[in-house]
Amino acid sequence: MALIKLVRTFAVMLPVVVVAFSARGADTVKLGLIEPFSGPIAAVGRDTLEIFEFFANEVNERGGVLGGRHIEIVPLDNAMNAEKTTQQLRKVIDDEIRFVSQGVGSNHALNIIKFLQRHNRRNPDQAILYLNHSAVTTSFTNELCSFWHFRFDANVDMKVAALVTQLGRDPSVQKLYMLNQNYAYGQAFQAAAQQMLGERAPGIELVGDELIVPFGKVLDFTPYIAKIKAAGADTVLTGNWGPDLVRFVKAASEANLDASFYTIYAGIPSSVAGIGAKDGIATRLKQVTEMHENDPLYDQQPAELLDTYDRWRQQTGKSIYSERMRWTIEFFAAALDKAGSDDPALVAAAMEGMTMDGPAGPLVMRGEDHQIIFPMVISTMAEDLERPYIYEGDNYEVAFATDGWIMSDAIELPTTCEMKRP
Amino acid sequence: MESFIFAMFNGVLYGMLLFLLASGLTLIFSMMGVLNFAHASFFMLGAYFAYQISEGLNFWAALIVAPVIVGMVGAGIERWGLRPVHRYGHVAELLFTFGVAYVIEELVQMIWGRVPVPYEIPDAMAGALFTWQGFDYSIYRVFMLVVSVAIFVALFALLTYTRIGLIIRAAVSDPTHVATLGHDIPRIFMWTFGFGCALAGVAGVVGGNVLGTEPAMAIQLGPIVFVVIVIGGLGSLGGALVAALIIGIVTRLAIFYDYGVGSLVLALGLEIDTTSMLRDFTRITTAQVAPVLPYLMLVLMLIFKPRGLFGTRDV
């Protein structure tokens, strides 16, 4: 098994090398993907690259864009260092790549937005367009909004809106405890939840509201669990991700805390692996996503799409997790064709207001702030589902089952964006 | 009062886990003078080996076998890596162990992948042993406490009362004399290093399933282990125990008694100016800063008592 993993590691790394050195044909449309491909969270970057390459290839097999040109994904390693992200942007300029995508880490996204704002103003002939597939800081589509930035993921406020709406629907929720990471994202989650709880779930009593030191610094969550128990909470709402979520949930399960966990990021494959079926089910662990594989709507999607999913699973040994990355590629391809040009300004204009069919309703790229709007689904960890999580060939025997969909009208929030168009 | 005792008890549970983590490090340092930066990596190896063994056999086999393997790996690294470096002094040794930490992390990622492995608490010990203040303590938590105490007692007895302990301690202070008495000093050091790594392995077996077994665990745990041995006094086993307990209890108390800067201001009869530049400062509570307190203690200790609580040599 060890050997298989070793081979797999190299197999995953291979495209990075091959693509980096393959002939840069003039007739491809290049999309630079700036993510961590080395360092402790390289797995996230490599997963992202695999998804981008797979779905770009799907577009290419269908006949490509702009009458036969192919989309080429160019991986650019930032090693999770925001300064390196800026360096890679300079490389993007030198290599005459006109489109970039990134999503892991909002501080990186912020660097890109600010860098491109300046670069594109000074060099309108060499403008670069940024497709943000996962960085969720709300201000990117509010006060920091930019014509050159499009977001294909719901922002923190929208995700919290979906979670709080579901909390209001769930009659078993009486006493709620909030615990978040003490940095920009966790504070944004906390502030949004505090405001929306009053509006959308006024019957729920907030019995605790805590911030913790983020990024794995808390080794033992037992004292927090004891406080949650002492407060008599029946539900926990948390924006935690990574080890801060895994340890939190495991400690709750170990102490037999009788509470449901509402989260954003419980379904990230590495978190599912870390939490495991027993602790996830004991804590009635919930996530909010754009879709998941065991939703009743899954089978009602177009047949070609279901074929594509099957091929993805066979080829990569992984479940479908990030639909928003596929959407990024599909919107990109459609906007290129609609613009009839690979000029980033024309592509950006074409993308404004563009819509596509989603599993439960339309995906709308809102023109006024470049924020995508779509229905979201809340789901709870469960066993014995049709498609359990698979990751690199390992079967986790567990997945998520739908609690309910939150439609776009409950998620769409007003924006403060005052877009300056070139 | 009851909640105070409750917090103390939780602090002891957590502190003993920290001690278990730090015991091997302080042993290696006190006996060999080597500050092993890769210590947390041996802890990680212990957790991964335990996962692999408990998949094939069971937890109890892992508890015995995994530390032995980690100890052998450690001894091997000492014999063929650290020993040749030894003659170039402590900085070379330090850099060597620093490199070892990175190599182990990469190897672990190549073999077990970059996502966490499902290393779980054995089912037999997952149940609640007792309930206190509505909080269930699993059998496993208490088992961890028992293992930690047993390790401390055994180590203390070994070093203080046995012939092996006598020779090891003599070899540190006066290696040439011990060598002329016919003892093989390099071999003693090799097994001491291996034994220290094996202790990290034990901590990995016992703690890996609670803290989560993943490639980043060594990086996350490395700093706190050093804090424990510096506060306790480099090379002092008793100091490491006391420091671990203090860190455990102080952080627990900070979380339970959630006092904020703002409440202190109010208690002094002052009002909080919500427009002031310091308004964010008044929102800070002890619970928020609890995990950082050990590092604050480290800084204060280095300023006021650089040898630590029970240390006999300088940092």
# chains A, B, ... in the order shown; residues from 1 in each chain; ligands from 1
$ interface_residues --of "chain B" --to "chain A" --cutoff "6 Å" --atoms "only C-alpha atoms" --output "list in words"
Met110, Ile111, Arg114, Val115, Pro116, Pro118, Asp136 and Gln288 of chain B
$ write_last_selection --atoms "C-alpha atoms" --output "mmCIF file, in the first residue's frame"
data_model
loop_
_atom_site.group_PDB
_atom_site.id
_atom_site.type_symbol
_atom_site.label_atom_id
_atom_site.label_comp_id
_atom_site.auth_asym_id
_atom_site.auth_seq_id
_atom_site.Cartn_x
_atom_site.Cartn_y
_atom_site.Cartn_z
ATOM 1 C CA MET B 110 5.174 9.954 0.627
ATOM 2 C CA ILE B 111 4.181 6.804 2.483
ATOM 3 C CA ARG B 114 -0.880 14.277 2.780
ATOM 4 C CA VAL B 115 -4.303 13.886 4.374
ATOM 5 C CA PRO B 116 -4.822 12.664 7.971
ATOM 6 C CA PRO B 118 -7.965 7.536 10.573
ATOM 7 C CA ASP B 136 -17.939 12.484 30.249
ATOM 8 C CA GLN B 288 -8.685 33.832 23.480
#
$ residues_around --residues "Phe193 in chain B" --least-positions-apart "4" --cutoff "12 Å" --atoms "only C-alpha atoms" --output "compact mmCIF listing (two decimals) with N, CA and C atoms, in the first residue's frame"
# COMPACT_ATOMS: atom_id res chain seq x y z
N GLY B 24 11.14 12.55 26.56
CA GLY B 24 12.23 12.02 25.76
C GLY B 24 13.22 13.11 25.36
N LEU B 25 12.68 14.28 25.06
CA LEU B 25 13.52 15.41 24.64
C LEU B 25 14.45 15.83 25.77
N THR B 26 13.88 15.93 26.97
CA THR B 26 14.69 16.38 28.09
C THR B 26 15.69 15.30 28.50
N LEU B 27 15.31 14.04 28.32
CA LEU B 27 16.23 12.94 28.60
C LEU B 27 17.45 13.01 27.68
N ILE B 28 17.19 13.16 26.39
CA ILE B 28 18.29 13.22 25.42
C ILE B 28 19.18 14.43 25.71
N PHE B 29 18.53 15.55 26.04
CA PHE B 29 19.34 16.74 26.28
C PHE B 29 20.18 16.59 27.55
N SER B 30 19.57 16.08 28.63
CA SER B 30 20.32 16.00 29.88
C SER B 30 21.43 14.97 29.79
N MET B 31 21.24 13.90 29.03
CA MET B 31 22.24 12.85 28.97
C MET B 31 23.28 13.10 27.89
N MET B 32 22.92 13.76 26.81
CA MET B 32 23.84 13.89 25.69
C MET B 32 24.16 15.33 25.33
N GLY B 33 23.38 16.27 25.85
CA GLY B 33 23.59 17.67 25.49
C GLY B 33 23.11 17.99 24.09
N VAL B 34 22.34 17.08 23.47
CA VAL B 34 21.85 17.33 22.12
C VAL B 34 20.42 17.86 22.19
N LEU B 35 20.19 19.02 21.60
CA LEU B 35 18.84 19.56 21.53
C LEU B 35 18.20 19.02 20.25
N ASN B 36 17.33 18.04 20.41
CA ASN B 36 16.83 17.31 19.26
C ASN B 36 15.61 17.99 18.63
N ALA B 38 14.21 17.26 15.98
CA ALA B 38 13.34 16.30 15.30
C ALA B 38 12.46 15.54 16.29
N HIS B 39 12.46 15.96 17.56
CA HIS B 39 11.74 15.18 18.56
C HIS B 39 10.27 14.99 18.20
N PHE B 42 9.67 12.31 15.71
CA PHE B 42 9.63 10.94 16.22
C PHE B 42 8.27 10.66 16.87
N VAL B 70 10.32 3.00 16.64
CA VAL B 70 10.76 4.39 16.65
C VAL B 70 12.12 4.49 17.34
N GLY B 71 12.28 3.74 18.45
CA GLY B 71 13.55 3.74 19.17
C GLY B 71 14.69 3.24 18.29
N MET B 72 14.43 2.16 17.51
CA MET B 72 15.45 1.62 16.61
C MET B 72 15.81 2.65 15.53
N VAL B 73 14.80 3.30 14.99
CA VAL B 73 15.05 4.33 13.98
C VAL B 73 15.91 5.42 14.58
N GLY B 74 15.55 5.84 15.82
CA GLY B 74 16.31 6.88 16.50
C GLY B 74 17.75 6.46 16.74
N ALA B 75 17.92 5.22 17.22
CA ALA B 75 19.27 4.72 17.48
C ALA B 75 20.07 4.68 16.18
N GLY B 76 19.41 4.25 15.09
CA GLY B 76 20.09 4.20 13.80
C GLY B 76 20.53 5.59 13.34
N ILE B 77 19.64 6.55 13.54
CA ILE B 77 19.98 7.92 13.13
C ILE B 77 21.15 8.45 13.96
N GLU B 78 21.17 8.09 15.25
CA GLU B 78 22.29 8.52 16.10
C GLU B 78 23.58 7.88 15.60
N ARG B 79 23.51 6.58 15.35
CA ARG B 79 24.72 5.82 15.00
C ARG B 79 25.33 6.30 13.69
N GLY B 81 24.15 8.99 11.72
CA GLY B 81 23.97 10.38 11.35
C GLY B 81 24.57 11.33 12.36
N LEU B 82 24.08 11.23 13.58
CA LEU B 82 24.45 12.20 14.60
C LEU B 82 25.89 12.01 15.08
N ARG B 83 26.32 10.73 15.19
CA ARG B 83 27.64 10.48 15.75
C ARG B 83 28.76 11.10 14.91
N THR B 97 19.65 17.65 13.33
CA THR B 97 18.31 17.22 13.75
C THR B 97 17.23 18.05 13.05
N ILE B 168 24.99 6.23 32.76
CA ILE B 168 24.61 7.27 31.80
C ILE B 168 24.95 8.65 32.36
N PRO B 186 30.11 5.84 23.06
CA PRO B 186 29.25 6.05 21.90
C PRO B 186 28.03 5.14 21.91
N ARG B 187 28.24 3.88 22.37
CA ARG B 187 27.10 2.96 22.39
C ARG B 187 26.06 3.42 23.41
N ILE B 188 26.53 3.88 24.57
CA ILE B 188 25.60 4.38 25.58
C ILE B 188 24.78 5.54 25.01
N PHE B 189 25.47 6.44 24.32
CA PHE B 189 24.76 7.58 23.73
C PHE B 189 23.76 7.13 22.68
N CYS B 197 13.91 8.72 21.78
CA CYS B 197 13.01 8.68 20.63
C CYS B 197 11.85 7.72 20.87
N ALA B 198 12.16 6.59 21.54
CA ALA B 198 11.11 5.63 21.85
C ALA B 198 10.05 6.26 22.76
N LEU B 199 10.50 7.12 23.69
CA LEU B 199 9.54 7.81 24.56
C LEU B 199 8.64 8.72 23.72
N ALA B 200 9.24 9.41 22.75
CA ALA B 200 8.42 10.21 21.83
C ALA B 200 7.45 9.31 21.10
$ residues_around --residues "range 164-180 of chain A" --least-positions-apart "2" --cutoff "8 Å" --atoms "only C-alpha atoms" --output "PyMOL selection string"
chain A and resi 160-162+182+186-187+189-190+193+196-197+200-212+228+232-240+378+404+406+410
$ residues_around --residues "Glu383 in chain A" --least-positions-apart "4" --cutoff "10 Å" --atoms "only C-alpha atoms" --output "list in words"
Ala277, Lys278, Ile281, Arg387, Pro388, Tyr396, Glu397, Val398, Ala399, Phe400 and Ala401 of chain A
$ closest_residue --among "B:Leu298, B:Ile185, B:Leu211, B:Ile231" --to "Val249 in chain A" --atoms "only C-alpha atoms"
B:Leu211
$ residues_around --residues "range 247-254 of chain B" --least-positions-apart "2" --cutoff "9 Å" --atoms "only C-alpha atoms" --output "JSON, numbers by chain"
{"A": [223], "B": [4, 7, 8, 9, 10, 11, 12, 13, 14, 15, 16, 17, 18, 228, 242, 243, 244, 245, 256, 257, 258, 259, 285, 286, 287, 288, 289, 290, 291, 292, 293, 294, 297]}
$ write_last_selection --atoms "C-alpha atoms" --output "CSV table (one decimal), in the first residue's frame"
chain,number,residue,atom,x,y,z
A,223,PRO,CA,-12.1,22.8,28.1
B,4,PHE,CA,-11.8,25.4,40.0
B,7,ALA,CA,-10.2,23.1,35.7
B,8,MET,CA,-7.3,21.8,37.7
B,9,PHE,CA,-8.1,18.2,36.9
B,10,ASN,CA,-8.4,19.0,33.2
B,11,GLY,CA,-5.1,20.9,33.5
B,12,VAL,CA,-3.4,17.8,35.0
B,13,LEU,CA,-4.7,15.6,32.2
B,14,TYR,CA,-3.4,17.9,29.5
B,15,GLY,CA,-0.2,18.7,31.4
B,16,MET,CA,0.7,15.0,31.7
B,17,LEU,CA,0.3,14.6,27.9
B,18,LEU,CA,2.7,17.5,27.4
B,228,VAL,CA,8.0,22.8,28.4
B,242,VAL,CA,6.3,20.7,36.8
B,243,ALA,CA,6.4,22.9,33.7
B,244,ALA,CA,4.0,20.7,31.8
B,245,LEU,CA,1.6,20.7,34.7
B,256,PHE,CA,-12.6,28.4,32.2
B,257,TYR,CA,-12.3,31.8,34.0
B,258,ASP,CA,-12.9,33.9,30.9
B,259,TYR,CA,-11.8,37.3,32.1
B,285,THR,CA,-10.2,37.7,26.9
B,286,THR,CA,-8.0,35.2,28.7
B,287,ALA,CA,-9.7,32.3,26.8
B,288,GLN,CA,-8.7,33.8,23.5
B,289,VAL,CA,-5.0,34.1,24.5
B,290,ALA,CA,-4.8,30.8,26.4
B,291,PRO,CA,-2.8,28.9,23.9
B,292,VAL,CA,-0.3,31.7,23.7
B,293,LEU,CA,0.3,32.0,27.5
B,294,PRO,CA,2.9,29.2,27.5
B,297,MET,CA,5.8,32.3,30.2
$ closest_residue --among "B:Ile284, B:Leu21, B:Val91, B:Ala66" --to "Ser148 in chain B" --atoms "only C-alpha atoms"
B:Leu21
